[in-house]
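This is my_file.txt (compact mmCIF, C-alpha atoms).
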# COMPACT_ATOMS: atom_id res chain seq x y z
CA MET A 1 127.36 79.50 99.20
CA PRO A 2 123.64 79.61 98.34
CA LYS A 3 122.57 82.45 96.10
CA ALA A 4 119.47 83.66 94.28
CA THR A 5 119.75 85.15 90.79
CA TRP A 6 117.38 86.68 88.29
CA ASN A 7 118.17 88.26 84.91
CA GLY A 8 121.87 87.71 85.52
CA LYS A 9 122.02 89.58 88.83
CA VAL A 10 122.69 88.09 92.26
CA ILE A 11 119.68 89.04 94.38
CA ALA A 12 120.78 87.26 97.57
CA GLU A 13 123.83 85.36 98.78
CA ALA A 14 124.66 83.84 102.16
CA PRO A 15 126.78 81.11 103.72
CA SER A 16 125.09 77.70 103.79
CA ASP A 17 124.80 77.75 107.57
CA ALA A 18 122.96 81.10 107.43
CA VAL A 19 119.97 79.98 105.31
CA GLU A 20 116.90 78.07 106.41
CA ILE A 21 115.20 75.52 104.15
CA VAL A 22 111.47 75.09 104.69
CA GLU A 23 109.25 73.06 102.37
CA GLY A 24 112.04 73.06 99.78
CA ASN A 25 112.37 76.86 99.78
CA VAL A 26 115.62 78.57 100.73
CA TYR A 27 115.06 81.46 103.12
CA PHE A 28 117.93 83.95 103.05
CA PRO A 29 118.68 86.24 105.99
CA ALA A 30 117.27 89.70 105.28
CA ASP A 31 120.73 91.26 105.44
CA ALA A 32 121.94 88.88 102.69
CA VAL A 33 119.36 90.23 100.22
CA ARG A 34 120.28 93.09 97.91
CA ARG A 35 117.43 95.48 98.61
CA GLU A 36 118.07 97.53 95.50
CA TYR A 37 116.45 94.69 93.52
CA LEU A 38 113.27 94.57 95.64
CA GLN A 39 110.12 96.69 95.36
CA PRO A 40 107.21 96.54 97.81
CA SER A 41 104.09 94.61 96.81
CA ASP A 42 100.59 94.77 98.27
CA THR A 43 100.19 90.98 97.93
CA HIS A 44 99.65 88.82 101.01
CA THR A 45 98.91 85.12 101.39
CA VAL A 46 98.15 82.99 104.43
CA CYS A 47 99.76 79.69 105.39
CA GLY A 48 98.07 77.72 108.13
CA TRP A 49 101.25 76.99 110.05
CA LYS A 50 103.61 79.83 109.02
CA GLY A 51 101.25 82.80 109.12
CA THR A 52 100.70 85.70 106.71
CA ALA A 53 103.30 86.24 104.00
CA SER A 54 104.12 89.58 102.42
CA TYR A 55 105.72 89.91 98.99
CA TYR A 56 108.23 91.92 97.00
CA HIS A 57 108.56 92.38 93.27
CA VAL A 58 112.06 91.60 91.99
CA ALA A 59 113.25 94.34 89.63
CA VAL A 60 116.41 94.09 87.52
CA ASP A 61 117.42 96.37 84.65
CA GLY A 62 113.90 97.70 84.16
CA GLU A 63 112.22 94.28 84.19
CA ILE A 64 109.87 93.36 87.00
CA ASN A 65 109.14 89.86 88.28
CA SER A 66 105.91 90.45 90.23
CA ASP A 67 105.66 88.92 93.71
CA ALA A 68 108.80 86.83 93.15
CA ALA A 69 110.03 87.19 96.75
CA TRP A 70 108.19 86.65 100.01
CA TYR A 71 108.71 86.85 103.73
CA TYR A 72 106.78 86.40 106.96
CA PRO A 73 106.95 89.62 109.02
CA GLU A 74 105.35 87.92 112.04
CA PRO A 75 105.55 84.14 111.54
CA LYS A 76 103.71 81.79 113.84
CA ASP A 77 105.78 80.06 116.54
CA ALA A 78 106.16 76.91 114.44
CA ALA A 79 107.92 78.97 111.77
CA ARG A 80 109.93 81.36 113.94
CA ASN A 81 113.13 80.16 112.22
CA ILE A 82 112.12 82.10 109.08
CA LYS A 83 111.56 85.47 110.78
CA ASP A 84 113.64 88.18 109.10
CA ARG A 85 114.24 85.95 106.06
CA VAL A 86 113.30 86.18 102.38
CA ALA A 87 112.57 83.38 99.89
CA PHE A 88 112.17 83.47 96.11
CA TRP A 89 110.28 81.78 93.28
CA LYS A 90 108.79 82.59 89.84
CA GLY A 91 111.95 82.16 87.83
CA VAL A 92 114.46 83.32 90.42
CA VAL A 93 117.17 80.67 90.27
CA ILE A 94 118.49 79.31 93.55
CA PHE A 95 121.98 77.81 93.57
CA ALA A 96 122.48 75.60 96.62
CA GLY A 97 126.26 75.99 96.65
CA GLU A 98 128.76 74.62 99.09
CA GLY A 99 130.13 76.05 102.27

This structure in structure tokens:
Amino acid sequence: MPKATWNGKVIAEAPSDAVEIVEGNVYFPADAVRREYLQPSDTHTVCGWKGTASYYHVAVDGEINSDAAWYYPEPKDAARNIKDRVAFWKGVVIFAGEG
């Protein structure tokens, strides 16, 4: 079962058939992400084929990993499979898992 961890806490976990992998990034369903570890960010970036990404800070035990999670609120048609999904980077460890 794929999961994302940071500072010893599981931030997201989902069955293998529930995640999407795009450009090597694991996109977890939004309902598989533990929202208590996310804080809103004002950061946005633009991808030519996916659209505009929005970010979250990951916060665990008083430590903040700025802009370590991202999602596409309104992805372009080519990336519609990542709508309502969240991906991680910047030190968040992704375990591929089985299942």

Non-local contacts of Met1 in chain A (9 Å; all atoms listed in the file; under 5 positions in same chain excluded) as number ranges by chain: A: 13-17, 95-99

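Proximity of A:Cys47, A:Ala69, A:Val92, A:Ile82 to Pro29 in chain A, computed with all atoms listed in the file, is greatest for A:Ile82.
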
A:Glu36, A:Asp77, A:Asp67, A:Asp84 ranked by distance to Val10 in chain A, top pick (using all atoms listed in the file): A:Glu36

Among listed residues A:Ile21, A:Ala4, A:Ala78, A:Ile64, nearest Gly48 in chain A (using all atoms listed in the file): A:Ala78

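Interatomic distance, CA of Ala30 in chain A to CA of Glu63 in chain A: 22.2 Å.
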
Separation of CA of Gly91 in chain A from CA of Arg34 in chain A, in Å and rounded to one decimal: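 One can read the CA of Gly91 in chain A to CA of Arg34 in chain A distance as 17.0 Å.
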
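Each of A:Arg35, A:Phe88, A:Glu74, A:Asn7 was compared to Tyr55 in chain A using only C-alpha atoms, and A:Phe88 turns out to be the nearest.
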
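Between Gly24 in chain A and the residues A:Trp49, A:Tyr37, A:Trp70, A:Trp89, the shortest atom-to-atom distance, using only C-alpha atoms, involves A:Trp89.
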
Neighbour list for Thr45 in chain A as a list in words, cut-off 10 Å, only C-alpha atoms, skip fewer than 4 positions in-chain: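 Once the adjacent positions are removed, what remains is Gly51, Thr52, Ala53, Ser54, Tyr55, Trp70 and Tyr72 of chain A.
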
CA of Val26 in chain A to CA of Pro2 in chain A, straight-line distance in Å: 8.4 Å

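Using only C-alpha atoms, the shortest contact distance between Val58 in chain A and any of A:Val19, A:Ile11, A:Val93, A:Asp31 is found at A:Ile11.
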
Polymer residues at most 10 Å from (102.2, 97.0, 93.8) by only C-alpha atoms, as a PyMOL selection string: chain A and resi 39-43+55-57+66-67

Report, as AutoDock Vina command-line options, the axis-aligned box around all atoms of range 12-17 of chain A present in the file, extended by 4 Å on each side; give centre and edge lengths in Å to one decimal place.
--center_x 123.8 --center_y 82.5 --center_z 102.6 --size_x 14.0 --size_y 17.6 --size_z 18.0

Using the atoms already present, construct N, CA and C atoms for range 45-81 of chain A and hand them back as a PDB file, keeping the file's coordinate frame.
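Below is the file selection22.pdb, written as the result:
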ATOM      1  N   THR A  45      99.543  86.438 101.378  1.00  0.00           N
ATOM      2  CA  THR A  45      98.910  85.120 101.390  1.00  0.00           C
ATOM      3  C   THR A  45      98.995  84.574 102.803  1.00  0.00           C
ATOM      4  N   VAL A  46      98.174  83.561 103.085  1.00  0.00           N
ATOM      5  CA  VAL A  46      98.150  82.990 104.430  1.00  0.00           C
ATOM      6  C   VAL A  46      98.489  81.512 104.360  1.00  0.00           C
ATOM      7  N   CYS A  47      99.412  81.102 105.205  1.00  0.00           N
ATOM      8  CA  CYS A  47      99.760  79.690 105.390  1.00  0.00           C
ATOM      9  C   CYS A  47      99.275  79.299 106.774  1.00  0.00           C
ATOM     10  N   GLY A  48      98.630  78.160 106.860  1.00  0.00           N
ATOM     11  CA  GLY A  48      98.070  77.720 108.130  1.00  0.00           C
ATOM     12  C   GLY A  48      99.073  77.576 109.259  1.00  0.00           C
ATOM     13  N   TRP A  49     100.297  77.186 108.960  1.00  0.00           N
ATOM     14  CA  TRP A  49     101.250  76.990 110.050  1.00  0.00           C
ATOM     15  C   TRP A  49     102.358  78.048 110.101  1.00  0.00           C
ATOM     16  N   LYS A  50     102.559  78.800 109.012  1.00  0.00           N
ATOM     17  CA  LYS A  50     103.610  79.830 109.020  1.00  0.00           C
ATOM     18  C   LYS A  50     103.051  81.216 109.309  1.00  0.00           C
ATOM     19  N   GLY A  51     101.830  81.486 108.895  1.00  0.00           N
ATOM     20  CA  GLY A  51     101.250  82.800 109.120  1.00  0.00           C
ATOM     21  C   GLY A  51     100.984  83.534 107.820  1.00  0.00           C
ATOM     22  N   THR A  52     100.982  84.866 107.873  1.00  0.00           N
ATOM     23  CA  THR A  52     100.700  85.700 106.710  1.00  0.00           C
ATOM     24  C   THR A  52     102.001  86.148 106.060  1.00  0.00           C
ATOM     25  N   ALA A  53     102.115  85.856 104.766  1.00  0.00           N
ATOM     26  CA  ALA A  53     103.300  86.240 104.000  1.00  0.00           C
ATOM     27  C   ALA A  53     103.059  87.573 103.303  1.00  0.00           C
ATOM     28  N   SER A  54     104.108  88.356 103.212  1.00  0.00           N
ATOM     29  CA  SER A  54     104.120  89.580 102.420  1.00  0.00           C
ATOM     30  C   SER A  54     105.098  89.361 101.273  1.00  0.00           C
ATOM     31  N   TYR A  55     104.942  90.140 100.203  1.00  0.00           N
ATOM     32  CA  TYR A  55     105.720  89.910  98.990  1.00  0.00           C
ATOM     33  C   TYR A  55     106.475  91.142  98.540  1.00  0.00           C
ATOM     34  N   TYR A  56     107.497  90.889  97.726  1.00  0.00           N
ATOM     35  CA  TYR A  56     108.230  91.920  97.000  1.00  0.00           C
ATOM     36  C   TYR A  56     108.212  91.558  95.520  1.00  0.00           C
ATOM     37  N   HIS A  57     108.262  92.578  94.681  1.00  0.00           N
ATOM     38  CA  HIS A  57     108.560  92.380  93.270  1.00  0.00           C
ATOM     39  C   HIS A  57     110.081  92.394  93.160  1.00  0.00           C
ATOM     40  N   VAL A  58     110.631  91.560  92.277  1.00  0.00           N
ATOM     41  CA  VAL A  58     112.060  91.600  91.990  1.00  0.00           C
ATOM     42  C   VAL A  58     112.233  92.416  90.716  1.00  0.00           C
ATOM     43  N   ALA A  59     113.060  93.446  90.771  1.00  0.00           N
ATOM     44  CA  ALA A  59     113.250  94.340  89.630  1.00  0.00           C
ATOM     45  C   ALA A  59     114.731  94.415  89.272  1.00  0.00           C
ATOM     46  N   VAL A  60     115.032  94.068  88.015  1.00  0.00           N
ATOM     47  CA  VAL A  60     116.410  94.090  87.520  1.00  0.00           C
ATOM     48  C   VAL A  60     116.421  94.710  86.129  1.00  0.00           C
ATOM     49  N   ASP A  61     117.232  95.735  85.963  1.00  0.00           N
ATOM     50  CA  ASP A  61     117.420  96.370  84.650  1.00  0.00           C
ATOM     51  C   ASP A  61     116.104  96.715  83.965  1.00  0.00           C
ATOM     52  N   GLY A  62     115.164  97.271  84.723  1.00  0.00           N
ATOM     53  CA  GLY A  62     113.900  97.700  84.160  1.00  0.00           C
ATOM     54  C   GLY A  62     112.852  96.622  83.991  1.00  0.00           C
ATOM     55  N   GLU A  63     113.200  95.370  84.261  1.00  0.00           N
ATOM     56  CA  GLU A  63     112.220  94.280  84.190  1.00  0.00           C
ATOM     57  C   GLU A  63     111.760  93.933  85.588  1.00  0.00           C
ATOM     58  N   ILE A  64     110.464  93.652  85.698  1.00  0.00           N
ATOM     59  CA  ILE A  64     109.870  93.360  87.000  1.00  0.00           C
ATOM     60  C   ILE A  64     109.294  91.957  87.016  1.00  0.00           C
ATOM     61  N   ASN A  65     109.664  91.197  88.029  1.00  0.00           N
ATOM     62  CA  ASN A  65     109.140  89.860  88.280  1.00  0.00           C
ATOM     63  C   ASN A  65     108.193  90.012  89.478  1.00  0.00           C
ATOM     64  N   SER A  66     106.900  90.132  89.201  1.00  0.00           N
ATOM     65  CA  SER A  66     105.910  90.450  90.230  1.00  0.00           C
ATOM     66  C   SER A  66     105.826  89.362  91.300  1.00  0.00           C
ATOM     67  N   ASP A  67     105.850  89.804  92.546  1.00  0.00           N
ATOM     68  CA  ASP A  67     105.660  88.920  93.710  1.00  0.00           C
ATOM     69  C   ASP A  67     106.614  87.726  93.697  1.00  0.00           C
ATOM     70  N   ALA A  68     107.837  87.930  93.272  1.00  0.00           N
ATOM     71  CA  ALA A  68     108.800  86.830  93.150  1.00  0.00           C
ATOM     72  C   ALA A  68     109.585  86.568  94.440  1.00  0.00           C
ATOM     73  N   ALA A  69     109.378  87.394  95.455  1.00  0.00           N
ATOM     74  CA  ALA A  69     110.030  87.190  96.750  1.00  0.00           C
ATOM     75  C   ALA A  69     108.981  87.324  97.843  1.00  0.00           C
ATOM     76  N   TRP A  70     109.140  86.549  98.901  1.00  0.00           N
ATOM     77  CA  TRP A  70     108.190  86.650 100.010  1.00  0.00           C
ATOM     78  C   TRP A  70     108.893  86.479 101.338  1.00  0.00           C
ATOM     79  N   TYR A  71     108.196  86.941 102.366  1.00  0.00           N
ATOM     80  CA  TYR A  71     108.710  86.850 103.730  1.00  0.00           C
ATOM     81  C   TYR A  71     107.534  86.855 104.692  1.00  0.00           C
ATOM     82  N   TYR A  72     107.793  86.430 105.913  1.00  0.00           N
ATOM     83  CA  TYR A  72     106.780  86.400 106.960  1.00  0.00           C
ATOM     84  C   TYR A  72     107.179  87.411 108.033  1.00  0.00           C
ATOM     85  N   PRO A  73     106.554  88.601 108.045  1.00  0.00           N
ATOM     86  CA  PRO A  73     106.950  89.620 109.020  1.00  0.00           C
ATOM     87  C   PRO A  73     106.725  89.173 110.471  1.00  0.00           C
ATOM     88  N   GLU A  74     105.670  88.413 110.698  1.00  0.00           N
ATOM     89  CA  GLU A  74     105.350  87.920 112.040  1.00  0.00           C
ATOM     90  C   GLU A  74     104.947  86.448 111.938  1.00  0.00           C
ATOM     91  N   PRO A  75     105.914  85.551 111.697  1.00  0.00           N
ATOM     92  CA  PRO A  75     105.550  84.140 111.540  1.00  0.00           C
ATOM     93  C   PRO A  75     105.003  83.550 112.838  1.00  0.00           C
ATOM     94  N   LYS A  76     104.200  82.516 112.675  1.00  0.00           N
ATOM     95  CA  LYS A  76     103.710  81.790 113.840  1.00  0.00           C
ATOM     96  C   LYS A  76     104.888  81.097 114.528  1.00  0.00           C
ATOM     97  N   ASP A  77     104.695  80.677 115.764  1.00  0.00           N
ATOM     98  CA  ASP A  77     105.780  80.060 116.540  1.00  0.00           C
ATOM     99  C   ASP A  77     106.425  78.886 115.823  1.00  0.00           C
ATOM    100  N   ALA A  78     105.622  78.083 115.133  1.00  0.00           N
ATOM    101  CA  ALA A  78     106.160  76.910 114.440  1.00  0.00           C
ATOM    102  C   ALA A  78     107.139  77.284 113.342  1.00  0.00           C
ATOM    103  N   ALA A  79     107.071  78.525 112.866  1.00  0.00           N
ATOM    104  CA  ALA A  79     107.920  78.970 111.770  1.00  0.00           C
ATOM    105  C   ALA A  79     108.850  80.119 112.191  1.00  0.00           C
ATOM    106  N   ARG A  80     109.113  80.232 113.471  1.00  0.00           N
ATOM    107  CA  ARG A  80     109.930  81.360 113.940  1.00  0.00           C
ATOM    108  C   ARG A  80     111.333  81.365 113.340  1.00  0.00           C
ATOM    109  N   ASN A  81     111.787  80.220 112.828  1.00  0.00           N
ATOM    110  CA  ASN A  81     113.130  80.160 112.220  1.00  0.00           C
ATOM    111  C   ASN A  81     113.209  80.912 110.887  1.00  0.00           C
TER     112      ASN A  81
END
